[in-house]
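Enquirer: Okay, here's the structure, questions in a sec.
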Amino acid sequence: MVGDVDDSAGVDTGFGLTTDQREYAAWVRSVAGSLDGIECVHHAVNRPLVRALGRAGLLRGLFGGTADEPPRDAAAMQLCLLREMLATVNTEAETAMALQGLGSYPILQSGNETTRDRWIPGVASGDVVPAFALSEPDAGSDAGALNLEARADGDGWTLHGTKTWISNAPDADVYSVFARTTPDAKARGVTAFAVAGDAPGLTGERLDMVAPHALGTLHFDGVRVGRGDLLGEVDEGFGVAMRTLDLFRPSVGAFAVGMGQAALDASLTWAQERELFGGRLIDQQATQHTLAEMSTRIEAGRLLVRRAAAAYDEWSRQARPASGAHVVTTTAAQAKLFATETAQWVVDQAVQLHGARGLQQGHLLERLYREVRAPRIYEGASEVQRTIIARGLIKGSE
């Protein structure tokens, strides 16, 4: 069951799931368990894992349509269920899967037919690794400050500059690259291109980060791109980036919810097993209250994520009217902000309940403790999300 999640019946006021959605979530969680035997790879693309995700059908779930149809945009709710269920079981697999979507969606949504046909089928099968190349040394939260230069050169451009903090770099097969085509125009002067990973003039190196997933820096020394490599229109690349990020932002919250749920599940099991002071850890009122708070915050995050996904999917069904864009953006920011901040707190509490063993290398919580920090930064730091929410409130009150 890898095609669309049928949410035509709608989502109830509690943002529960339809029968098809529940079955899809259960399928993802059951299949995710088959990936446990694949060895972890630190600070580089784990190609065996990516290929296994493809063979299992999980990568096809990043896209809409059935397995025998050309990939298209997926429903936001489908992405959230996919990421939450996978994160609950295997965070490395979730990250590898999510990056396949983030890096490829600008190509899927804005590339020409030739470019889509060249890259997207391989992404879905796990044979092609894409990357989303937006951030730069001086342009992280302020994406309008991009300096990677696209110099006009005959019927195309040459790219000059540096990208950094790029997931899957420098090992990706294709990059969705955002470069400046018009100086001093901020977000209005950015253009998106599809750039092959082996393009002449493109080099890079890996970054050694706290979390194990691949992250790197890219250097563009006259990398040639042509009209056929355009993603969208010239000087409209910022919209290409935002279209992808608006879809994926609620699912970052879903990833966080999945990590929080994994930490809670482990804590509940441990508290029932751990004996101290003549009883069990679970018998302590302080432990019960901590677990109750963890559960409540996770559920609140889950509801915000599903609310944001439902809002995005309804907006898409209505052909994305401009009047509803700020609602979609605001609810997505709320979901990402609350869910990622909550996951950080929940994992920290889980470590406290486990004591020193929770920080031992190889322990589930040791891995979660390292991996839970990054989602509060990437795809818009928490401070950026608060700004987006405030702007939405102001716009909604005008």
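Identifiers in this document derive from the order of the structure tokens: chains are assigned A, B, ..., residues are numbered from 1 separately in each chain, and ligands are numbered from 1 in order of occurrence.
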Could you pull out all residues of range 57-283 of chain A with a DSSP call of helix (DSSP H, G or I) and give them as a count of residues only?
Expert: 101
Enquirer: Please report, as JSON lines, each residue of range 306-338 of chain A lying at most 9 Å from range 15-22 of chain A, together with the nearest pair of atoms and the separation in Å rounded to one decimal; use only C-alpha atoms, and order rows by chain and ascending residue number.
Expert:
```
{"residue": "A:Arg306", "atom": "CA", "partner": "A:Phe15", "partner_atom": "CA", "distance": 5.9}
{"residue": "A:Arg307", "atom": "CA", "partner": "A:Phe15", "partner_atom": "CA", "distance": 6.3}
{"residue": "A:Ala310", "atom": "CA", "partner": "A:Phe15", "partner_atom": "CA", "distance": 7.9}
```
Enquirer: Need the shell around range 91-108 of chain A: protein/DNA/RNA residues with any atom at most 6 Å away, counting only C-alpha atoms. Skip same-chain ones fewer than 6 positions apart. Format as a PyMOL selection string?
Expert: chain A and resi 116+130-132
Enquirer: Based on the selection just made, write C-alpha atoms of those residues as a PDB file, in the first residue's frame.
Expert:
```
ATOM      1  CA  ARG A 116      11.917  15.102 -14.011  1.00  0.00           C
ATOM      2  CA  PRO A 130      19.138  14.280  -4.249  1.00  0.00           C
ATOM      3  CA  ALA A 131      19.889  17.301  -2.058  1.00  0.00           C
ATOM      4  CA  PHE A 132      18.289  20.670  -1.329  1.00  0.00           C
TER       5      PHE A 132
END
```
Enquirer: At a cut-off of 10 Å, using only C-alpha atoms, what residues contact range 163-173 of chain A? Leave out same-chain residues fewer than 4 positions from it and give the result as a PyMOL selection string.
Expert: chain A and resi 43-47+95-96+99-100+102-103+119+123+127-140+146-148+177-179+195-199+202-207+209+213-220+378
Enquirer: So how many Å separate CA of Asp348 in chain A and CA of Lys336 in chain A, to one decimal?
Expert: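 Atom-to-atom, CA of Asp348 in chain A to CA of Lys336 in chain A, that is 18.3 Å.
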Enquirer: Compile the contact shell of Gly358 in chain A as a list in words: residues with an atom at most 12 Å away, counting only C-alpha atoms, same-chain residues fewer than 2 positions apart removed.
Expert: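 Using only C-alpha atoms, the neighbours found are Ala263, Ala266, Ser267, Trp270, Val347, Asp348, Gln349, Ala350, Val351, Gln352, Leu353, His354, Gly355, Ala356, Gln360, Gln361, Gly362, His363, Leu364, Leu365, Glu366, Arg367, Leu368, Tyr369 and Arg370 of chain A.
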Enquirer: Please save N, CA and C atoms of the selected residues as a PDB file, in the first residue's frame.
Expert:
```pdb
ATOM      1  N   ALA A 263      10.850   8.014  22.542  1.00  0.00           N
ATOM      2  CA  ALA A 263      11.417   8.270  23.871  1.00  0.00           C
ATOM      3  C   ALA A 263      10.412   7.936  24.966  1.00  0.00           C
ATOM      4  N   ALA A 266      10.044   4.080  25.301  1.00  0.00           N
ATOM      5  CA  ALA A 266      11.196   3.509  26.002  1.00  0.00           C
ATOM      6  C   ALA A 266      11.137   3.814  27.494  1.00  0.00           C
ATOM      7  N   SER A 267      10.690   5.019  27.827  1.00  0.00           N
ATOM      8  CA  SER A 267      10.623   5.430  29.234  1.00  0.00           C
ATOM      9  C   SER A 267       9.551   4.657  29.988  1.00  0.00           C
ATOM     10  N   TRP A 270      10.917   1.166  30.583  1.00  0.00           N
ATOM     11  CA  TRP A 270      11.980   1.186  31.587  1.00  0.00           C
ATOM     12  C   TRP A 270      11.417   1.439  32.992  1.00  0.00           C
ATOM     13  N   VAL A 347      12.694  14.093  25.075  1.00  0.00           N
ATOM     14  CA  VAL A 347      13.890  13.258  25.055  1.00  0.00           C
ATOM     15  C   VAL A 347      14.769  13.549  26.266  1.00  0.00           C
ATOM     16  N   ASP A 348      14.878  14.812  26.640  1.00  0.00           N
ATOM     17  CA  ASP A 348      15.666  15.170  27.819  1.00  0.00           C
ATOM     18  C   ASP A 348      15.091  14.524  29.076  1.00  0.00           C
ATOM     19  N   GLN A 349      13.773  14.560  29.222  1.00  0.00           N
ATOM     20  CA  GLN A 349      13.136  13.925  30.376  1.00  0.00           C
ATOM     21  C   GLN A 349      13.334  12.416  30.355  1.00  0.00           C
ATOM     22  N   ALA A 350      13.299  11.836  29.170  1.00  0.00           N
ATOM     23  CA  ALA A 350      13.497  10.397  29.055  1.00  0.00           C
ATOM     24  C   ALA A 350      14.906  10.000  29.496  1.00  0.00           C
ATOM     25  N   VAL A 351      15.900  10.801  29.110  1.00  0.00           N
ATOM     26  CA  VAL A 351      17.270  10.548  29.556  1.00  0.00           C
ATOM     27  C   VAL A 351      17.350  10.628  31.078  1.00  0.00           C
ATOM     28  N   GLN A 352      16.670  11.629  31.663  1.00  0.00           N
ATOM     29  CA  GLN A 352      16.689  11.788  33.114  1.00  0.00           C
ATOM     30  C   GLN A 352      16.101  10.558  33.808  1.00  0.00           C
ATOM     31  N   LEU A 353      15.041  10.019  33.245  1.00  0.00           N
ATOM     32  CA  LEU A 353      14.415   8.834  33.833  1.00  0.00           C
ATOM     33  C   LEU A 353      15.329   7.608  33.714  1.00  0.00           C
ATOM     34  N   HIS A 354      16.084   7.514  32.648  1.00  0.00           N
ATOM     35  CA  HIS A 354      16.964   6.367  32.438  1.00  0.00           C
ATOM     36  C   HIS A 354      18.278   6.493  33.188  1.00  0.00           C
ATOM     37  N   GLY A 355      18.632   7.705  33.566  1.00  0.00           N
ATOM     38  CA  GLY A 355      19.914   7.896  34.238  1.00  0.00           C
ATOM     39  C   GLY A 355      21.079   7.767  33.267  1.00  0.00           C
ATOM     40  N   ALA A 356      22.251   7.433  33.783  1.00  0.00           N
ATOM     41  CA  ALA A 356      23.468   7.407  32.977  1.00  0.00           C
ATOM     42  C   ALA A 356      23.372   6.455  31.796  1.00  0.00           C
ATOM     43  N   GLN A 360      24.668   6.297  27.335  1.00  0.00           N
ATOM     44  CA  GLN A 360      25.683   5.359  26.873  1.00  0.00           C
ATOM     45  C   GLN A 360      25.589   5.216  25.359  1.00  0.00           C
ATOM     46  N   GLN A 361      26.751   5.248  24.683  1.00  0.00           N
ATOM     47  CA  GLN A 361      26.753   5.163  23.230  1.00  0.00           C
ATOM     48  C   GLN A 361      26.060   3.893  22.767  1.00  0.00           C
ATOM     49  N   GLY A 362      25.182   4.057  21.770  1.00  0.00           N
ATOM     50  CA  GLY A 362      24.429   2.940  21.243  1.00  0.00           C
ATOM     51  C   GLY A 362      23.043   2.806  21.831  1.00  0.00           C
ATOM     52  N   HIS A 363      22.798   3.445  22.972  1.00  0.00           N
ATOM     53  CA  HIS A 363      21.459   3.411  23.570  1.00  0.00           C
ATOM     54  C   HIS A 363      20.510   4.243  22.711  1.00  0.00           C
ATOM     55  N   LEU A 364      19.256   3.816  22.642  1.00  0.00           N
ATOM     56  CA  LEU A 364      18.251   4.552  21.865  1.00  0.00           C
ATOM     57  C   LEU A 364      18.223   6.020  22.251  1.00  0.00           C
ATOM     58  N   LEU A 365      18.245   6.317  23.541  1.00  0.00           N
ATOM     59  CA  LEU A 365      18.119   7.702  23.982  1.00  0.00           C
ATOM     60  C   LEU A 365      19.373   8.513  23.691  1.00  0.00           C
ATOM     61  N   GLU A 366      20.522   7.872  23.708  1.00  0.00           N
ATOM     62  CA  GLU A 366      21.750   8.575  23.321  1.00  0.00           C
ATOM     63  C   GLU A 366      21.637   9.032  21.871  1.00  0.00           C
ATOM     64  N   ARG A 367      21.111   8.175  21.013  1.00  0.00           N
ATOM     65  CA  ARG A 367      20.935   8.550  19.596  1.00  0.00           C
ATOM     66  C   ARG A 367      19.883   9.643  19.454  1.00  0.00           C
ATOM     67  N   LEU A 368      18.775   9.478  20.155  1.00  0.00           N
ATOM     68  CA  LEU A 368      17.721  10.493  20.066  1.00  0.00           C
ATOM     69  C   LEU A 368      18.201  11.836  20.598  1.00  0.00           C
ATOM     70  N   TYR A 369      19.003  11.800  21.661  1.00  0.00           N
ATOM     71  CA  TYR A 369      19.487  13.037  22.275  1.00  0.00           C
ATOM     72  C   TYR A 369      20.338  13.829  21.292  1.00  0.00           C
ATOM     73  N   ARG A 370      21.115  13.132  20.459  1.00  0.00           N
ATOM     74  CA  ARG A 370      21.929  13.808  19.459  1.00  0.00           C
ATOM     75  C   ARG A 370      21.092  14.278  18.267  1.00  0.00           C
TER      76      ARG A 370
END
```
Enquirer: Give me, please, the distance in Å between CA of Arg60 in chain A and CA of Ala124 in chain A, quoted to one decimal.
Expert: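 These atoms are spaced 5.1 Å apart.
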Enquirer: Run DSSP on the backbone and grab whatever in range 64-256 of chain A lands in strand (DSSP E or B); send it over as a PyMOL selection string.
Expert: chain A and resi 64+72+130-133+136+139+149-153+156-167+174-180+190-196+202-206+215-226+230-231+236
Enquirer: For C-alpha atoms, I'd like the residues from the last selection saved as a PDB file, in the first residue's frame.
Expert:
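File written: part.pdb
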```
ATOM      1  CA  GLY A  64       1.403  11.058  -4.797  1.00  0.00           C
ATOM      2  CA  ARG A  72       3.444  13.769  -8.239  1.00  0.00           C
ATOM      3  CA  PRO A 130      19.138  14.280  -4.249  1.00  0.00           C
ATOM      4  CA  ALA A 131      19.889  17.301  -2.058  1.00  0.00           C
ATOM      5  CA  PHE A 132      18.289  20.670  -1.329  1.00  0.00           C
ATOM      6  CA  ALA A 133      21.068  23.284  -1.610  1.00  0.00           C
ATOM      7  CA  GLU A 136      25.185  29.435   2.609  1.00  0.00           C
ATOM      8  CA  ALA A 139      22.590  33.004   4.404  1.00  0.00           C
ATOM      9  CA  GLU A 149      26.249  33.854  -8.128  1.00  0.00           C
ATOM     10  CA  ALA A 150      24.714  32.704 -11.405  1.00  0.00           C
ATOM     11  CA  ARG A 151      26.571  34.658 -14.088  1.00  0.00           C
ATOM     12  CA  ALA A 152      24.930  34.913 -17.499  1.00  0.00           C
ATOM     13  CA  ASP A 153      27.030  33.039 -20.036  1.00  0.00           C
ATOM     14  CA  GLY A 156      23.024  29.662 -19.773  1.00  0.00           C
ATOM     15  CA  TRP A 157      24.844  30.551 -16.584  1.00  0.00           C
ATOM     16  CA  THR A 158      27.918  29.625 -14.596  1.00  0.00           C
ATOM     17  CA  LEU A 159      27.655  29.200 -10.823  1.00  0.00           C
ATOM     18  CA  HIS A 160      30.260  30.671  -8.479  1.00  0.00           C
ATOM     19  CA  GLY A 161      30.286  30.474  -4.683  1.00  0.00           C
ATOM     20  CA  THR A 162      29.679  28.193  -1.713  1.00  0.00           C
ATOM     21  CA  LYS A 163      26.780  26.332  -0.126  1.00  0.00           C
ATOM     22  CA  THR A 164      27.022  24.831   3.347  1.00  0.00           C
ATOM     23  CA  TRP A 165      25.003  22.817   5.867  1.00  0.00           C
ATOM     24  CA  ILE A 166      23.641  20.900   2.869  1.00  0.00           C
ATOM     25  CA  SER A 167      22.170  17.507   3.753  1.00  0.00           C
ATOM     26  CA  VAL A 174      21.710  15.810  -8.036  1.00  0.00           C
ATOM     27  CA  TYR A 175      21.261  19.123  -6.231  1.00  0.00           C
ATOM     28  CA  SER A 176      18.358  21.568  -6.264  1.00  0.00           C
ATOM     29  CA  VAL A 177      20.511  24.700  -6.174  1.00  0.00           C
ATOM     30  CA  PHE A 178      19.330  28.246  -5.469  1.00  0.00           C
ATOM     31  CA  ALA A 179      21.545  30.973  -6.916  1.00  0.00           C
ATOM     32  CA  ARG A 180      21.427  34.739  -7.362  1.00  0.00           C
ATOM     33  CA  VAL A 190      17.058  34.038  -6.909  1.00  0.00           C
ATOM     34  CA  THR A 191      16.789  31.268  -9.506  1.00  0.00           C
ATOM     35  CA  ALA A 192      16.646  27.498  -8.963  1.00  0.00           C
ATOM     36  CA  PHE A 193      18.606  24.954 -10.999  1.00  0.00           C
ATOM     37  CA  ALA A 194      19.048  21.189 -11.091  1.00  0.00           C
ATOM     38  CA  VAL A 195      22.790  20.462 -10.919  1.00  0.00           C
ATOM     39  CA  ALA A 196      24.265  16.991 -11.339  1.00  0.00           C
ATOM     40  CA  LEU A 202      31.531  21.211  -8.357  1.00  0.00           C
ATOM     41  CA  THR A 203      33.487  20.005  -5.328  1.00  0.00           C
ATOM     42  CA  GLY A 204      32.788  19.648  -1.625  1.00  0.00           C
ATOM     43  CA  GLU A 205      33.621  18.146   1.718  1.00  0.00           C
ATOM     44  CA  ARG A 206      31.727  16.512   4.562  1.00  0.00           C
ATOM     45  CA  LEU A 215      25.919  17.106   5.890  1.00  0.00           C
ATOM     46  CA  GLY A 216      28.461  18.981   3.817  1.00  0.00           C
ATOM     47  CA  THR A 217      29.789  22.061   2.050  1.00  0.00           C
ATOM     48  CA  LEU A 218      29.739  22.575  -1.726  1.00  0.00           C
ATOM     49  CA  HIS A 219      31.998  24.776  -3.836  1.00  0.00           C
ATOM     50  CA  PHE A 220      30.886  26.004  -7.256  1.00  0.00           C
ATOM     51  CA  ASP A 221      33.763  27.075  -9.507  1.00  0.00           C
ATOM     52  CA  GLY A 222      32.141  27.988 -12.811  1.00  0.00           C
ATOM     53  CA  VAL A 223      29.608  25.125 -12.774  1.00  0.00           C
ATOM     54  CA  ARG A 224      27.700  25.338 -16.047  1.00  0.00           C
ATOM     55  CA  VAL A 225      23.875  25.255 -16.112  1.00  0.00           C
ATOM     56  CA  GLY A 226      21.604  25.771 -19.089  1.00  0.00           C
ATOM     57  CA  LEU A 230      15.991  25.695 -14.736  1.00  0.00           C
ATOM     58  CA  LEU A 231      13.529  24.842 -11.981  1.00  0.00           C
ATOM     59  CA  GLU A 236      11.517  33.089  -9.114  1.00  0.00           C
TER      60      GLU A 236
END
```
Enquirer: Near Ala390 in chain A, within 12 Å and counting only C-alpha atoms, which residues show up once chain neighbours fewer than 4 positions away are dropped, as an MDAnalysis selection string?
Expert: chainID A and resid 326:327 329:331 333:334 383:386 394:397
Enquirer: Export C-alpha atoms of the chosen residues as an mmCIF file, in the first residue's frame?
Expert:
```
data_model
loop_
_atom_site.group_PDB
_atom_site.id
_atom_site.type_symbol
_atom_site.label_atom_id
_atom_site.label_comp_id
_atom_site.auth_asym_id
_atom_site.auth_seq_id
_atom_site.Cartn_x
_atom_site.Cartn_y
_atom_site.Cartn_z
ATOM 1 C CA HIS A 326 -1.112 32.746 5.282
ATOM 2 C CA VAL A 327 -3.258 30.238 7.202
ATOM 3 C CA THR A 329 2.010 28.975 6.449
ATOM 4 C CA THR A 330 1.029 29.919 9.999
ATOM 5 C CA THR A 331 -0.326 26.497 10.973
ATOM 6 C CA ALA A 333 5.017 27.105 11.553
ATOM 7 C CA GLN A 334 3.020 26.402 14.716
ATOM 8 C CA GLU A 383 12.870 31.909 16.116
ATOM 9 C CA VAL A 384 11.931 32.108 12.426
ATOM 10 C CA GLN A 385 8.788 30.074 13.079
ATOM 11 C CA ARG A 386 7.749 32.499 15.811
ATOM 12 C CA ILE A 394 -1.156 40.303 12.186
ATOM 13 C CA LYS A 395 -2.330 39.510 8.653
ATOM 14 C CA GLY A 396 -5.335 37.624 9.975
ATOM 15 C CA SER A 397 -6.385 40.574 12.113
#
```
Enquirer: Using only C-alpha atoms, find the one residue out of A:Val252, A:Ile120, A:Ala26, A:Ala185 that sits nearest to Arg83 in chain A.
Expert: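 Comparing A:Val252, A:Ile120, A:Ala26, A:Ala185 against Arg83 in chain A, the winner is A:Val252.
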Enquirer: Can you tell me, as number ranges by chain, what residues are no more than 7 Å from Ile298 in chain A when counting only C-alpha atoms, ignoring any on the same chain fewer than 5 positions away?
Expert: A: 257, 260-261, 342
Enquirer: Taking only C-alpha atoms into account, which of A:Glu39, A:Glu113, A:Asp235, A:Glu299 comes nearest Gly258 in chain A?
Expert: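 That would be A:Glu299, the residue with the smallest distance to Gly258 in chain A.
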Enquirer: Just to confirm, what's the straight-line distance from CA of Arg357 in chain A to CA of Arg274 in chain A in Å (one decimal)?
Expert: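 Taking CA of Arg357 in chain A as the start and CA of Arg274 in chain A as the end point, the length is 12.1 Å.
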